[in-house]
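*Asks:* My structure file target04.cif, mmCIF, C-alpha atoms and all ligand atoms, is below:
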```
data_my_file
#
loop_
_atom_site.label_atom_id
_atom_site.label_comp_id
_atom_site.auth_asym_id
_atom_site.auth_seq_id
_atom_site.Cartn_x
_atom_site.Cartn_y
_atom_site.Cartn_z
CA MET A 1 -25.35 -1.20 -7.24
CA ALA A 2 -27.42 1.44 -8.93
CA GLY A 3 -25.96 4.46 -10.70
CA ALA A 4 -26.49 7.94 -9.21
CA GLU A 5 -29.13 10.01 -10.99
CA SER A 6 -29.00 13.77 -11.28
CA SER A 7 -32.78 14.25 -10.97
CA SER A 8 -33.26 13.75 -7.21
CA PRO A 9 -29.97 14.14 -5.44
CA ALA A 10 -30.00 13.93 -1.66
CA ALA A 11 -28.47 17.03 -0.12
CA SER A 12 -25.79 15.02 1.72
CA ASP A 13 -25.04 12.65 -1.18
CA PRO A 14 -21.45 13.28 -2.29
CA ARG A 15 -22.49 12.29 -5.85
CA ALA A 16 -25.20 14.97 -5.86
CA SER A 17 -23.52 17.56 -8.08
CA VAL A 18 -24.84 15.91 -11.28
CA ARG A 19 -22.91 12.63 -11.11
CA ALA A 20 -19.80 14.14 -9.54
CA ARG A 21 -16.55 13.25 -11.24
CA VAL A 22 -13.74 11.32 -9.61
CA PHE A 23 -10.30 11.78 -11.15
CA VAL A 24 -7.95 8.88 -10.39
CA VAL A 25 -4.21 9.49 -10.80
CA GLY A 26 -2.32 6.29 -11.67
CA ALA A 27 -3.97 3.40 -13.52
CA GLY A 28 -2.07 0.56 -11.81
CA ILE A 29 -3.34 -2.14 -9.47
CA MET A 30 -5.07 0.29 -7.12
CA GLY A 31 -6.04 3.11 -9.46
CA SER A 32 -7.85 0.74 -11.81
CA GLY A 33 -9.72 -0.90 -8.90
CA ILE A 34 -10.64 2.48 -7.39
CA ALA A 35 -11.93 3.67 -10.77
CA ALA A 36 -14.14 0.56 -11.10
CA GLN A 37 -15.46 0.95 -7.54
CA CYS A 38 -16.32 4.64 -8.00
CA ALA A 39 -18.02 3.99 -11.35
CA LEU A 40 -20.08 1.18 -9.82
CA ALA A 41 -21.23 3.59 -7.11
CA GLY A 42 -22.49 5.99 -9.79
CA TYR A 43 -19.66 8.49 -10.15
CA ASN A 44 -18.27 9.60 -13.47
CA VAL A 45 -14.63 8.60 -13.46
CA THR A 46 -11.51 9.68 -15.30
CA LEU A 47 -8.59 7.28 -14.97
CA GLU A 48 -5.27 8.99 -15.63
CA ASP A 49 -1.69 7.80 -16.17
CA VAL A 50 1.50 8.98 -17.82
CA ASN A 51 0.97 7.26 -21.18
CA GLU A 52 -1.55 5.38 -23.30
CA GLU A 53 -0.04 1.96 -22.58
CA PHE A 54 -0.54 2.27 -18.80
CA VAL A 55 -4.02 3.71 -19.19
CA GLU A 56 -5.10 0.85 -21.46
CA LYS A 57 -3.58 -1.72 -19.10
CA GLY A 58 -5.59 -0.12 -16.29
CA ARG A 59 -8.77 -0.22 -18.34
CA ALA A 60 -8.22 -3.91 -19.14
CA ASN A 61 -7.56 -4.67 -15.45
CA LEU A 62 -10.68 -2.93 -14.25
CA ALA A 63 -12.80 -4.64 -16.90
CA ARG A 64 -11.42 -7.98 -15.68
CA ALA A 65 -12.19 -7.07 -12.06
CA LEU A 66 -15.78 -6.15 -13.00
CA ASP A 67 -16.18 -9.38 -15.01
CA SER A 68 -14.98 -11.35 -12.01
CA ALA A 69 -17.44 -9.49 -9.72
CA VAL A 70 -20.28 -10.41 -12.12
CA LYS A 71 -19.17 -14.08 -12.10
CA ARG A 72 -19.15 -14.07 -8.29
CA GLY A 73 -22.70 -12.67 -8.30
CA LYS A 74 -21.61 -9.42 -6.58
CA VAL A 75 -22.44 -7.11 -9.49
CA GLY A 76 -25.22 -7.31 -12.08
CA ALA A 77 -24.35 -7.40 -15.79
CA ALA A 78 -26.17 -4.09 -16.40
CA ASP A 79 -24.28 -2.38 -13.58
CA ARG A 80 -20.99 -3.68 -15.00
CA THR A 81 -21.83 -2.19 -18.40
CA ARG A 82 -22.94 1.11 -16.84
CA ALA A 83 -19.75 1.27 -14.78
CA LEU A 84 -17.56 0.68 -17.84
CA GLU A 85 -19.45 3.39 -19.74
CA GLY A 86 -18.89 5.81 -16.84
CA ILE A 87 -15.08 5.58 -17.03
CA ASP A 88 -12.96 7.55 -19.45
CA THR A 89 -9.21 7.93 -19.54
CA ALA A 90 -6.67 10.75 -19.69
CA ILE A 91 -2.95 11.30 -20.04
CA GLY A 92 -1.77 14.10 -17.74
CA LEU A 93 -3.60 16.10 -15.07
CA ARG A 94 -5.26 18.77 -17.23
CA ARG A 95 -8.74 17.23 -16.98
CA ALA A 96 -8.63 17.11 -13.19
CA ASP A 97 -10.33 20.53 -13.25
CA SER A 98 -13.84 19.05 -13.55
CA ALA A 99 -13.49 16.58 -10.65
CA LYS A 100 -14.98 16.85 -7.18
CA PHE A 101 -12.78 14.09 -5.78
CA ILE A 102 -9.20 13.44 -6.86
CA ILE A 103 -7.59 10.22 -5.73
CA GLU A 104 -3.88 9.77 -6.25
CA ALA A 105 -2.72 6.16 -6.68
CA ALA A 106 0.76 6.66 -8.12
CA PRO A 107 3.80 4.68 -6.83
CA GLU A 108 4.70 4.81 -3.14
CA ASN A 109 7.37 7.52 -3.36
CA LEU A 110 7.22 10.70 -1.29
CA GLU A 111 9.02 12.95 -3.76
CA LEU A 112 6.75 11.83 -6.61
CA LYS A 113 3.57 12.30 -4.57
CA GLN A 114 4.65 15.75 -3.32
CA ARG A 115 5.26 16.85 -6.90
CA LEU A 116 1.97 15.37 -8.09
CA PHE A 117 0.00 17.13 -5.34
CA ALA A 118 1.61 20.48 -6.13
CA GLU A 119 0.57 19.95 -9.77
CA LEU A 120 -2.89 18.81 -8.73
CA GLU A 121 -3.41 21.90 -6.60
CA ALA A 122 -2.81 23.98 -9.72
CA ALA A 123 -4.94 21.79 -12.01
CA ALA A 124 -7.94 21.03 -9.79
CA SER A 125 -10.98 23.09 -8.88
CA PRO A 126 -10.38 24.89 -5.54
CA ASN A 127 -13.30 22.98 -3.99
CA ALA A 128 -12.09 19.51 -4.97
CA ILE A 129 -10.96 17.10 -2.27
CA LEU A 130 -7.38 15.94 -2.88
CA ALA A 131 -6.94 12.40 -1.57
CA THR A 132 -3.97 10.06 -1.55
CA ASN A 133 -4.22 6.28 -1.54
CA THR A 134 -0.77 5.97 0.03
CA SER A 135 -0.37 2.84 2.16
CA SER A 136 2.31 4.23 4.42
CA LEU A 137 3.57 7.75 3.68
CA PRO A 138 2.54 10.51 6.09
CA VAL A 139 -0.32 12.49 4.55
CA THR A 140 1.04 15.66 6.22
CA SER A 141 4.33 15.26 4.31
CA ILE A 142 2.57 14.58 1.00
CA ALA A 143 0.58 17.83 1.47
CA SER A 144 3.52 19.90 2.70
CA ARG A 145 4.27 21.69 -0.59
CA LEU A 146 0.70 22.93 -1.14
CA SER A 147 -0.43 26.45 -0.42
CA ASP A 148 -3.60 24.86 1.05
CA PRO A 149 -2.56 21.56 2.73
CA GLY A 150 -5.90 21.56 4.58
CA ARG A 151 -7.66 20.04 1.56
CA VAL A 152 -5.52 16.87 1.48
CA VAL A 153 -6.62 13.64 3.16
CA GLY A 154 -5.63 9.96 3.03
CA ILE A 155 -8.27 7.60 1.63
CA HIS A 156 -6.60 4.20 1.80
CA PHE A 157 -8.32 1.47 -0.22
CA PHE A 158 -7.49 -2.23 0.00
CA ASN A 159 -6.54 -4.70 -2.69
CA PRO A 160 -8.53 -6.03 -4.56
CA VAL A 161 -10.65 -2.88 -4.26
CA LEU A 162 -13.95 -4.39 -5.42
CA GLN A 163 -13.69 -7.21 -2.88
CA MET A 164 -12.31 -5.50 0.20
CA GLU A 165 -14.80 -3.78 2.47
CA LEU A 166 -12.49 -1.42 4.34
CA ILE A 167 -11.33 2.13 3.76
CA GLU A 168 -8.81 3.64 6.18
CA LEU A 169 -9.20 7.40 6.44
CA ILE A 170 -6.14 9.41 7.44
CA PRO A 171 -6.46 13.12 8.21
CA GLY A 172 -3.14 14.95 7.96
CA LEU A 173 -2.14 17.34 10.70
CA LYS A 174 -3.56 20.26 8.73
CA THR A 175 -6.58 18.58 7.11
CA ARG A 176 -9.72 20.66 7.70
CA PRO A 177 -12.59 18.94 9.56
CA GLU A 178 -15.02 19.58 6.68
CA VAL A 179 -12.59 17.84 4.31
CA VAL A 180 -12.51 14.84 6.66
CA GLY A 181 -16.33 14.90 6.75
CA GLU A 182 -16.65 15.00 2.96
CA ALA A 183 -14.03 12.29 2.52
CA THR A 184 -15.84 10.08 5.04
CA ARG A 185 -19.18 10.51 3.24
CA PHE A 186 -17.48 9.81 -0.08
CA ALA A 187 -15.85 6.61 1.25
CA ALA A 188 -19.18 5.47 2.74
CA SER A 189 -20.94 6.19 -0.59
CA LEU A 190 -18.74 3.46 -2.13
CA GLY A 191 -20.31 0.93 0.24
CA LYS A 192 -17.17 0.56 2.37
CA THR A 193 -16.71 0.58 6.14
CA VAL A 194 -14.55 3.51 7.19
CA VAL A 195 -12.00 3.45 10.01
CA THR A 196 -9.78 6.37 10.94
CA SER A 197 -6.08 6.33 11.75
CA ARG A 198 -3.70 8.98 12.99
CA ASP A 199 -1.14 10.11 10.46
CA THR A 200 1.85 7.96 11.46
CA PRO A 201 3.87 5.89 8.96
CA GLY A 202 1.90 2.81 7.87
CA PHE A 203 -1.23 3.90 9.78
CA VAL A 204 -3.01 0.93 11.44
CA THR A 205 -3.17 -1.66 8.68
CA THR A 206 0.01 -1.39 6.62
CA ARG A 207 2.28 -1.18 9.65
CA ALA A 208 1.31 -4.66 10.82
CA VAL A 209 0.97 -6.40 7.47
CA ALA A 210 4.36 -5.10 6.28
CA VAL A 211 6.02 -6.80 9.23
CA LEU A 212 4.20 -10.06 8.48
CA ILE A 213 5.26 -10.02 4.83
CA ASN A 214 8.86 -9.09 5.69
CA GLU A 215 9.10 -11.84 8.32
CA ALA A 216 7.88 -14.40 5.79
CA VAL A 217 10.52 -13.22 3.28
CA TRP A 218 13.21 -13.48 5.98
CA MET A 219 12.10 -17.07 6.71
CA LEU A 220 12.35 -17.93 3.03
CA PHE A 221 15.76 -16.21 2.83
CA GLU A 222 17.03 -18.16 5.86
CA GLY A 223 15.69 -21.50 4.59
CA THR A 224 13.23 -22.00 7.44
CA ALA A 225 10.67 -23.47 5.02
CA THR A 226 9.73 -23.48 1.35
CA LYS A 227 7.59 -20.64 0.02
CA GLU A 228 4.69 -23.06 -0.41
CA ASP A 229 4.95 -24.28 3.18
CA ILE A 230 5.24 -20.73 4.53
CA ASP A 231 2.06 -19.71 2.70
CA THR A 232 0.19 -22.91 3.58
CA SER A 233 1.09 -22.38 7.25
CA TYR A 234 -0.66 -19.02 7.35
CA ARG A 235 -3.63 -20.11 5.23
CA LEU A 236 -4.40 -23.26 7.19
CA GLY A 237 -2.89 -22.36 10.57
CA PHE A 238 -4.48 -18.93 10.89
CA HIS A 239 -7.27 -18.93 8.29
CA HIS A 240 -5.58 -16.17 6.32
CA PRO A 241 -7.18 -16.06 2.85
CA MET A 242 -3.70 -16.16 1.32
CA GLY A 243 -0.18 -16.67 2.60
CA PRO A 244 2.14 -13.69 3.18
CA LEU A 245 4.29 -14.39 0.10
CA GLU A 246 1.18 -14.73 -2.08
CA LEU A 247 -0.03 -11.48 -0.52
CA ALA A 248 3.28 -9.78 -1.33
CA ASP A 249 2.89 -10.88 -4.96
CA LEU A 250 -0.63 -9.40 -4.99
CA VAL A 251 0.48 -6.11 -3.42
CA GLY A 252 3.54 -5.77 -5.67
CA LEU A 253 7.04 -6.44 -4.30
CA ASP A 254 8.19 -2.92 -5.22
CA THR A 255 5.29 -1.46 -3.22
CA ALA A 256 5.97 -3.81 -0.28
CA LEU A 257 9.64 -2.77 -0.28
CA SER A 258 8.81 0.95 -0.53
CA ILE A 259 6.46 0.56 2.45
CA LEU A 260 9.13 -1.13 4.57
CA ASP A 261 11.57 1.65 3.70
CA VAL A 262 8.97 4.26 4.70
CA LEU A 263 8.43 2.48 8.03
CA TRP A 264 12.19 2.27 8.57
CA ASP A 265 12.63 5.98 7.77
CA GLY A 266 9.68 6.87 10.01
CA PHE A 267 10.53 4.81 13.11
CA HIS A 268 14.17 3.70 12.76
CA ASP A 269 13.09 0.46 14.38
CA PRO A 270 14.98 -2.68 13.17
CA LYS A 271 11.72 -4.61 12.94
CA TYR A 272 11.14 -2.73 9.67
CA ARG A 273 14.51 -3.73 8.16
CA ALA A 274 13.62 -5.04 4.69
CA CYS A 275 14.96 -8.51 3.86
CA PRO A 276 17.70 -8.37 1.19
CA LEU A 277 15.84 -11.05 -0.80
CA LEU A 278 12.94 -8.62 -1.28
CA ARG A 279 15.37 -5.97 -2.52
CA SER A 280 17.00 -8.44 -4.96
CA LEU A 281 13.68 -9.55 -6.42
CA VAL A 282 12.64 -5.93 -7.00
CA ALA A 283 16.02 -5.15 -8.58
CA ALA A 284 15.50 -8.14 -10.88
CA GLY A 285 12.09 -6.81 -11.95
CA ARG A 286 10.21 -9.64 -10.24
CA LEU A 287 7.45 -7.43 -8.87
CA GLY A 288 4.72 -10.04 -8.33
CA ARG A 289 1.52 -10.53 -10.29
CA LYS A 290 1.81 -7.25 -12.13
CA SER A 291 5.13 -8.21 -13.78
CA GLY A 292 4.22 -11.88 -14.31
CA GLU A 293 6.53 -13.23 -11.58
CA GLY A 294 7.35 -12.54 -7.94
CA PHE A 295 7.72 -15.37 -5.45
CA TYR A 296 5.48 -17.33 -7.83
CA PRO A 297 5.00 -17.22 -11.64
CA TYR A 298 1.77 -15.75 -13.08
CA PRO A 299 0.91 -16.68 -16.66
CA ALA A 300 -0.52 -13.75 -18.68
CA ALA A 301 -4.23 -13.16 -17.98
CA PRO A 302 -6.62 -13.45 -20.94
CA PRO A 303 -8.01 -10.15 -22.24
CA SER A 304 -11.38 -9.09 -20.81
CA ALA A 305 -14.53 -8.94 -22.91
CA GLY A 306 -15.06 -5.34 -21.70
CA PRO A 307 -15.51 -2.64 -24.32
CA ALA A 308 -12.43 -0.58 -25.15
CA ARG A 309 -13.21 3.12 -25.34
CA PRO A 310 -11.01 5.93 -26.57
CA ALA A 311 -9.70 8.55 -24.10
N1 LIG A 401 -0.79 -2.66 -4.24
C1 LIG A 401 -1.50 -2.65 -3.12
O1 LIG A 401 -1.91 -3.71 -2.61
C2 LIG A 401 -1.86 -1.34 -2.47
C3 LIG A 401 -2.89 -1.34 -1.51
C4 LIG A 401 -3.26 -0.11 -0.94
C5 LIG A 401 -2.59 1.05 -1.31
N2 LIG A 401 -1.59 1.00 -2.23
C6 LIG A 401 -0.93 2.25 -2.60
O2 LIG A 401 -1.52 2.71 -3.82
C7 LIG A 401 -0.54 3.42 -4.59
C8 LIG A 401 -0.43 2.78 -5.95
O3 LIG A 401 -0.02 1.44 -5.79
P1 LIG A 401 -0.26 0.35 -6.94
O4 LIG A 401 -0.06 -0.98 -6.30
O5 LIG A 401 -1.52 0.63 -7.69
O6 LIG A 401 1.00 0.66 -7.89
P2 LIG A 401 1.22 0.24 -9.42
O7 LIG A 401 2.68 0.18 -9.61
O8 LIG A 401 0.39 -0.95 -9.76
O9 LIG A 401 0.59 1.48 -10.22
C9 LIG A 401 1.09 2.79 -10.16
C10 LIG A 401 0.66 3.50 -11.44
O10 LIG A 401 1.00 4.90 -11.32
C11 LIG A 401 1.48 5.32 -12.58
N3 LIG A 401 2.27 6.52 -12.43
C12 LIG A 401 3.60 6.66 -12.18
N4 LIG A 401 3.94 7.96 -12.15
C13 LIG A 401 2.80 8.66 -12.38
C14 LIG A 401 2.50 10.05 -12.50
N5 LIG A 401 3.44 10.98 -12.36
N6 LIG A 401 1.23 10.41 -12.77
C15 LIG A 401 0.25 9.47 -12.91
N7 LIG A 401 0.49 8.14 -12.81
C16 LIG A 401 1.74 7.75 -12.55
C17 LIG A 401 2.27 4.12 -13.12
O11 LIG A 401 2.43 4.23 -14.53
C18 LIG A 401 1.37 2.97 -12.69
O12 LIG A 401 0.40 2.66 -13.68
C19 LIG A 401 0.75 3.40 -3.77
O13 LIG A 401 0.83 4.56 -3.00
C20 LIG A 401 0.55 2.17 -2.88
O14 LIG A 401 1.30 2.23 -1.70
C21 LIG A 401 -1.21 -0.17 -2.83
#
```
Would it be possible to restate this file's structure as structure tokens?
*Replies:*
Amino acid sequence: MAGAESSSPAASDPRASVRARVFVVGAGIMGSGIAAQCALAGYNVTLEDVNEEFVEKGRANLARALDSAVKRGKVGAADRTRALEGIDTAIGLRRADSAKFIIEAAPENLELKQRLFAELEAAASPNAILATNTSSLPVTSIASRLSDPGRVVGIHFFNPVLQMELIELIPGLKTRPEVVGEATRFAASLGKTVVTSRDTPGFVTTRAVAVLINEAVWMLFEGTATKEDIDTSYRLGFHHPMGPLELADLVGLDTALSILDVLWDGFHDPKYRACPLLRSLVAAGRLGRKSGEGFYPYPAAPPSAGPARPA
């Protein structure tokens, strides 16, 4: 994927304002992947988190994801290097002021996201698009404390970001049509296919997959089968690329639990009742791949060869 040049920008190209900047809030699983994807597409990127440790972890993760994309033949070595050079890091939201697109990828917690968006409204340029990568929380609620909620939209990426081709776009009840248009062009500029969902808890994708994951955890809890046999059943029986417990480990068990709680709060339907085993694992700090153990153990990944750059 070639980088965007400032010399001949197409009028409708969302990168056209001299390599527009994307500011990504939260350098975890999703934020680091989103940063890598945007940099590959030619945007300048700032990856932000609450402290240096999280930012550096995010940088290491995205370098690993880019290395893996090069190994799979999906990204050229020069594009990987250019992408890494196009990403800098920040602590705090101050530098959001120079961004055209702001993508929030902080934990799945309504109170936290509402506070972050109020702070972002103050920090960002008035013309910037404010997007949330929430998997389940209503975009209208996230935007509800802003003086201009019309500039907030859901841009839901999938995990792992570099490999997944879909973006789910979620306009809130007050999102302006031109914001939806700009967000759609931005999502398409990343090479993804864009689908749109109404703003209901879990949208189209998360609502269904949360039930699948939860049902698999209930089966494990009830002793229906071993975790390996549950996952093998879905991989071989339905051609799923990974089993639901492996998927939960990839997503993060804390995120999966938060999503189920959002669905429960939103619908009060018992099908979204989170299995107590999921709650126990989260309480024990077994969050999946990101903590080194979830349903399965994950030995520490080797450091990437990617260059480390100061913030
Ligand atoms: N994990 C998935 O598969 C997946 C897929 C799609 C969408 N999402 C959504 O993306 C969002 C992030 O999920 P994740 O899996 O990357 O979580 P994560 O736990 O891996 O990362 C969250 C990051 O946000 C940081 N953070 C916490 N408070 C912050 C603040 N005030 N300001 C800036 N950063 C802050 C944390 O330090 C952490 O690095 C959630 O809304 C989640 O629902 C997750």
*Asks:* So that I can see what lies close to Leu162 (chain A), please list as a list in words the residues with an atom at most 7 Å from it, counting only C-alpha atoms and leaving out residues fewer than 2 positions away in the same chain.
*Replies:*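 Once the nearby chain positions are removed, what remains is Gly33, Gln37, Pro160 and Met164 of chain A.
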*Asks:* Please, what distance in Å, to one decimal, runs between CA of Gly58 (chain A) and CA of Val45 (chain A)?
*Replies:* 12.9 Å
*Asks:* So, counting all atoms listed in the file, which residue among A:Ala39, A:Val50, A:Ala188, A:Leu130 is closest to ligand LIG 401 (chain A)?
*Replies:*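 When distances to ligand LIG 401 (chain A) are compared using all atoms listed in the file, the smallest one comes from A:Val50.
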*Asks:* Using all atoms listed in the file, which of the listed residues (A:Gly92, A:Gly191, A:Gly154, A:Pro107) sits closest to Asn51 (chain A)?
*Replies:*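 Checking each of A:Gly92, A:Gly191, A:Gly154, A:Pro107 against Asn51 (chain A), counting all atoms listed in the file, the winner is A:Gly92.
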*Asks:* Identify, counting all atoms listed in the file, the protein, DNA and RNA residues located within 6 Å of ligand LIG 401 (chain A), and give them as a PyMOL selection string.
*Replies:* chain A and resi 25-31+49-50+54+105-108+133-135+156-159+251-252+255
*Asks:* Please indicate the distance in Å from CA of Leu253 (chain A) to CA of Phe295 (chain A), rounded to one decimal place.
*Replies:*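 Going from CA of Leu253 (chain A) over to CA of Phe295 (chain A) covers 9.0 Å.
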*Asks:* Point out the residue among A:Thr232, A:Ser98, A:Asn214, A:Asn44 with the least atom-to-atom distance to Ala274 (chain A), counting only C-alpha atoms.
*Replies:*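 Comparing A:Thr232, A:Ser98, A:Asn214, A:Asn44 against Ala274 (chain A), the winner is A:Asn214.
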*Asks:* Considering only C-alpha atoms, can you say which of A:Leu245, A:Leu278, A:Ile230, A:Leu137 comes closest to Arg198 (chain A)?
*Replies:*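 That would be A:Leu137, the residue with the smallest distance to Arg198 (chain A).
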*Asks:* Rounded to one decimal in Å, what is the spacing between CA of Glu121 (chain A) and CA of Ala60 (chain A)?
*Replies:*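 A separation of 29.1 Å between them.
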*Asks:* I'd like to know which of A:Glu85, A:Glu56, A:Thr140, A:Ala20 is closest to Ala99 (chain A), using only C-alpha atoms.
*Replies:*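 For Ala99 (chain A), the nearest of the given residues is A:Ala20.
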*Asks:* Taking into account only C-alpha atoms, which residue in the set A:Asn61, A:Thr205, A:Ser125, A:Thr132 is nearest to Val24 (chain A)?
*Replies:*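 Among the listed residues, the smallest separation from Val24 (chain A) belongs to A:Thr132.
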*Asks:* At most 8 Å from (-13.0, 12.0, 0.9), file frame, all atoms listed in the file: which residues, as a PDB file with C-alpha atoms, in the frame of the given file?
*Replies:*
```pdb
ATOM      1  CA  PHE A 101     -12.780  14.090  -5.780  1.00  0.00           C
ATOM      2  CA  ILE A 129     -10.960  17.100  -2.270  1.00  0.00           C
ATOM      3  CA  LEU A 130      -7.380  15.940  -2.880  1.00  0.00           C
ATOM      4  CA  ALA A 131      -6.940  12.400  -1.570  1.00  0.00           C
ATOM      5  CA  VAL A 153      -6.620  13.640   3.160  1.00  0.00           C
ATOM      6  CA  GLY A 154      -5.630   9.960   3.030  1.00  0.00           C
ATOM      7  CA  ILE A 155      -8.270   7.600   1.630  1.00  0.00           C
ATOM      8  CA  VAL A 179     -12.590  17.840   4.310  1.00  0.00           C
ATOM      9  CA  VAL A 180     -12.510  14.840   6.660  1.00  0.00           C
ATOM     10  CA  GLY A 181     -16.330  14.900   6.750  1.00  0.00           C
ATOM     11  CA  GLU A 182     -16.650  15.000   2.960  1.00  0.00           C
ATOM     12  CA  ALA A 183     -14.030  12.290   2.520  1.00  0.00           C
ATOM     13  CA  THR A 184     -15.840  10.080   5.040  1.00  0.00           C
ATOM     14  CA  ARG A 185     -19.180  10.510   3.240  1.00  0.00           C
ATOM     15  CA  PHE A 186     -17.480   9.810  -0.080  1.00  0.00           C
ATOM     16  CA  ALA A 187     -15.850   6.610   1.250  1.00  0.00           C
TER      17      ALA A 187
END
```
*Asks:* Fewer than 5 positions away in the same chain doesn't count, so skip those; otherwise give me all residues within 8 Å of region 93-97 of chain A, counting all atoms listed in the file, as a PyMOL selection string.
*Replies:* chain A and resi 23+25+48+102+119-120+123-125
*Asks:* Which residues, written as a list in words, have at least one atom at most 9 Å from Leu281 (chain A), with only C-alpha atoms counted and residues fewer than 5 positions away on the same chain left out?
*Replies:* Leu253, Asp254, Pro276, Arg286, Leu287, Gly294 and Phe295 of chain A
*Asks:* Write out the residues from the selection above, keeping C-alpha atoms, as a CSV table (one decimal), in the frame of the given file.
*Replies:*
```
chain,number,residue,atom,x,y,z
A,253,LEU,CA,7.0,-6.4,-4.3
A,254,ASP,CA,8.2,-2.9,-5.2
A,276,PRO,CA,17.7,-8.4,1.2
A,286,ARG,CA,10.2,-9.6,-10.2
A,287,LEU,CA,7.4,-7.4,-8.9
A,294,GLY,CA,7.4,-12.5,-7.9
A,295,PHE,CA,7.7,-15.4,-5.4
```
*Asks:* Emit region 283-299 of chain A of the structure in the block as a file comprising N, CA and C atoms, as a PDB file, in the first residue's frame.
*Replies:*
```pdb
ATOM      1  N   ALA A 283     -11.932 -11.524  36.999  1.00  0.00           N
ATOM      2  CA  ALA A 283     -11.560 -11.109  38.358  1.00  0.00           C
ATOM      3  C   ALA A 283     -10.167 -11.626  38.722  1.00  0.00           C
ATOM      4  N   ALA A 284      -9.804 -12.782  38.164  1.00  0.00           N
ATOM      5  CA  ALA A 284      -8.487 -13.363  38.457  1.00  0.00           C
ATOM      6  C   ALA A 284      -7.393 -12.763  37.571  1.00  0.00           C
ATOM      7  N   GLY A 285      -7.759 -11.847  36.704  1.00  0.00           N
ATOM      8  CA  GLY A 285      -6.748 -11.222  35.826  1.00  0.00           C
ATOM      9  C   GLY A 285      -6.384 -12.065  34.618  1.00  0.00           C
ATOM     10  N   ARG A 286      -7.143 -13.138  34.388  1.00  0.00           N
ATOM     11  CA  ARG A 286      -6.881 -13.968  33.194  1.00  0.00           C
ATOM     12  C   ARG A 286      -7.682 -13.381  32.031  1.00  0.00           C
ATOM     13  N   LEU A 287      -7.080 -12.447  31.325  1.00  0.00           N
ATOM     14  CA  LEU A 287      -7.805 -11.650  30.335  1.00  0.00           C
ATOM     15  C   LEU A 287      -7.627 -12.156  28.906  1.00  0.00           C
ATOM     16  N   GLY A 288      -6.891 -13.272  28.744  1.00  0.00           N
ATOM     17  CA  GLY A 288      -6.655 -13.766  27.380  1.00  0.00           C
ATOM     18  C   GLY A 288      -5.231 -13.479  26.948  1.00  0.00           C
ATOM     19  N   ARG A 289      -5.048 -13.379  25.629  1.00  0.00           N
ATOM     20  CA  ARG A 289      -3.682 -13.208  25.104  1.00  0.00           C
ATOM     21  C   ARG A 289      -2.968 -12.023  25.716  1.00  0.00           C
ATOM     22  N   LYS A 290      -3.713 -10.924  25.928  1.00  0.00           N
ATOM     23  CA  LYS A 290      -3.022  -9.701  26.355  1.00  0.00           C
ATOM     24  C   LYS A 290      -2.435  -9.805  27.758  1.00  0.00           C
ATOM     25  N   SER A 291      -2.961 -10.723  28.593  1.00  0.00           N
ATOM     26  CA  SER A 291      -2.390 -10.867  29.943  1.00  0.00           C
ATOM     27  C   SER A 291      -1.525 -12.123  30.047  1.00  0.00           C
ATOM     28  N   GLY A 292      -1.422 -12.882  28.957  1.00  0.00           N
ATOM     29  CA  GLY A 292      -0.596 -14.093  28.966  1.00  0.00           C
ATOM     30  C   GLY A 292      -1.382 -15.358  29.272  1.00  0.00           C
ATOM     31  N   GLU A 293      -2.627 -15.239  29.734  1.00  0.00           N
ATOM     32  CA  GLU A 293      -3.452 -16.428  29.960  1.00  0.00           C
ATOM     33  C   GLU A 293      -4.932 -16.058  29.989  1.00  0.00           C
ATOM     34  N   GLY A 294      -5.744 -16.881  29.360  1.00  0.00           N
ATOM     35  CA  GLY A 294      -7.195 -16.732  29.431  1.00  0.00           C
ATOM     36  C   GLY A 294      -7.748 -18.130  29.593  1.00  0.00           C
ATOM     37  N   PHE A 295      -8.431 -18.646  28.582  1.00  0.00           N
ATOM     38  CA  PHE A 295      -8.789 -20.063  28.595  1.00  0.00           C
ATOM     39  C   PHE A 295      -7.543 -20.900  28.324  1.00  0.00           C
ATOM     40  N   TYR A 296      -6.612 -20.315  27.572  1.00  0.00           N
ATOM     41  CA  TYR A 296      -5.361 -20.993  27.230  1.00  0.00           C
ATOM     42  C   TYR A 296      -4.182 -20.128  27.692  1.00  0.00           C
ATOM     43  N   PRO A 297      -2.989 -20.761  27.893  1.00  0.00           N
ATOM     44  CA  PRO A 297      -1.792 -19.952  28.211  1.00  0.00           C
ATOM     45  C   PRO A 297      -1.142 -19.403  26.932  1.00  0.00           C
ATOM     46  N   TYR A 298      -0.526 -18.228  27.032  1.00  0.00           N
ATOM     47  CA  TYR A 298       0.185 -17.622  25.896  1.00  0.00           C
ATOM     48  C   TYR A 298       1.570 -17.199  26.370  1.00  0.00           C
ATOM     49  N   PRO A 299       2.593 -17.943  25.949  1.00  0.00           N
ATOM     50  CA  PRO A 299       3.952 -17.556  26.337  1.00  0.00           C
ATOM     51  C   PRO A 299       4.264 -16.165  25.769  1.00  0.00           C
TER      52      PRO A 299
END
```
